[in-house]
Amino acid sequence: MNNIPALLKSKRFWSAAIGLVMMVLVNVIPELADNDSQLTNAILIIVGLLVGGYSIEDAIEARKK
């Protein structure tokens, strides 16, 4: 139960959650149907870069300590 507050403060969690919401919206909104594969790829790349950046940032901070 102590993990939930830490999860809600996690940048990785919120990046993934927002990415998931965007993926659902892309597939639900009919006007985006023509570009759904391009939007899906863009969302995956952006979220992947964010999470990777956060991981590098955390590794640098851990190394400083």
# chains A, B, ... in the order shown; residues from 1 in each chain; ligands from 1
>>> residues_around(residues="A:Ile46", least_positions_apart="2", cutoff="12 Å", atoms="only C-alpha atoms", output="PyMOL selection string")
chain A and resi 15-16+18-20+22-23+39-44+48-53
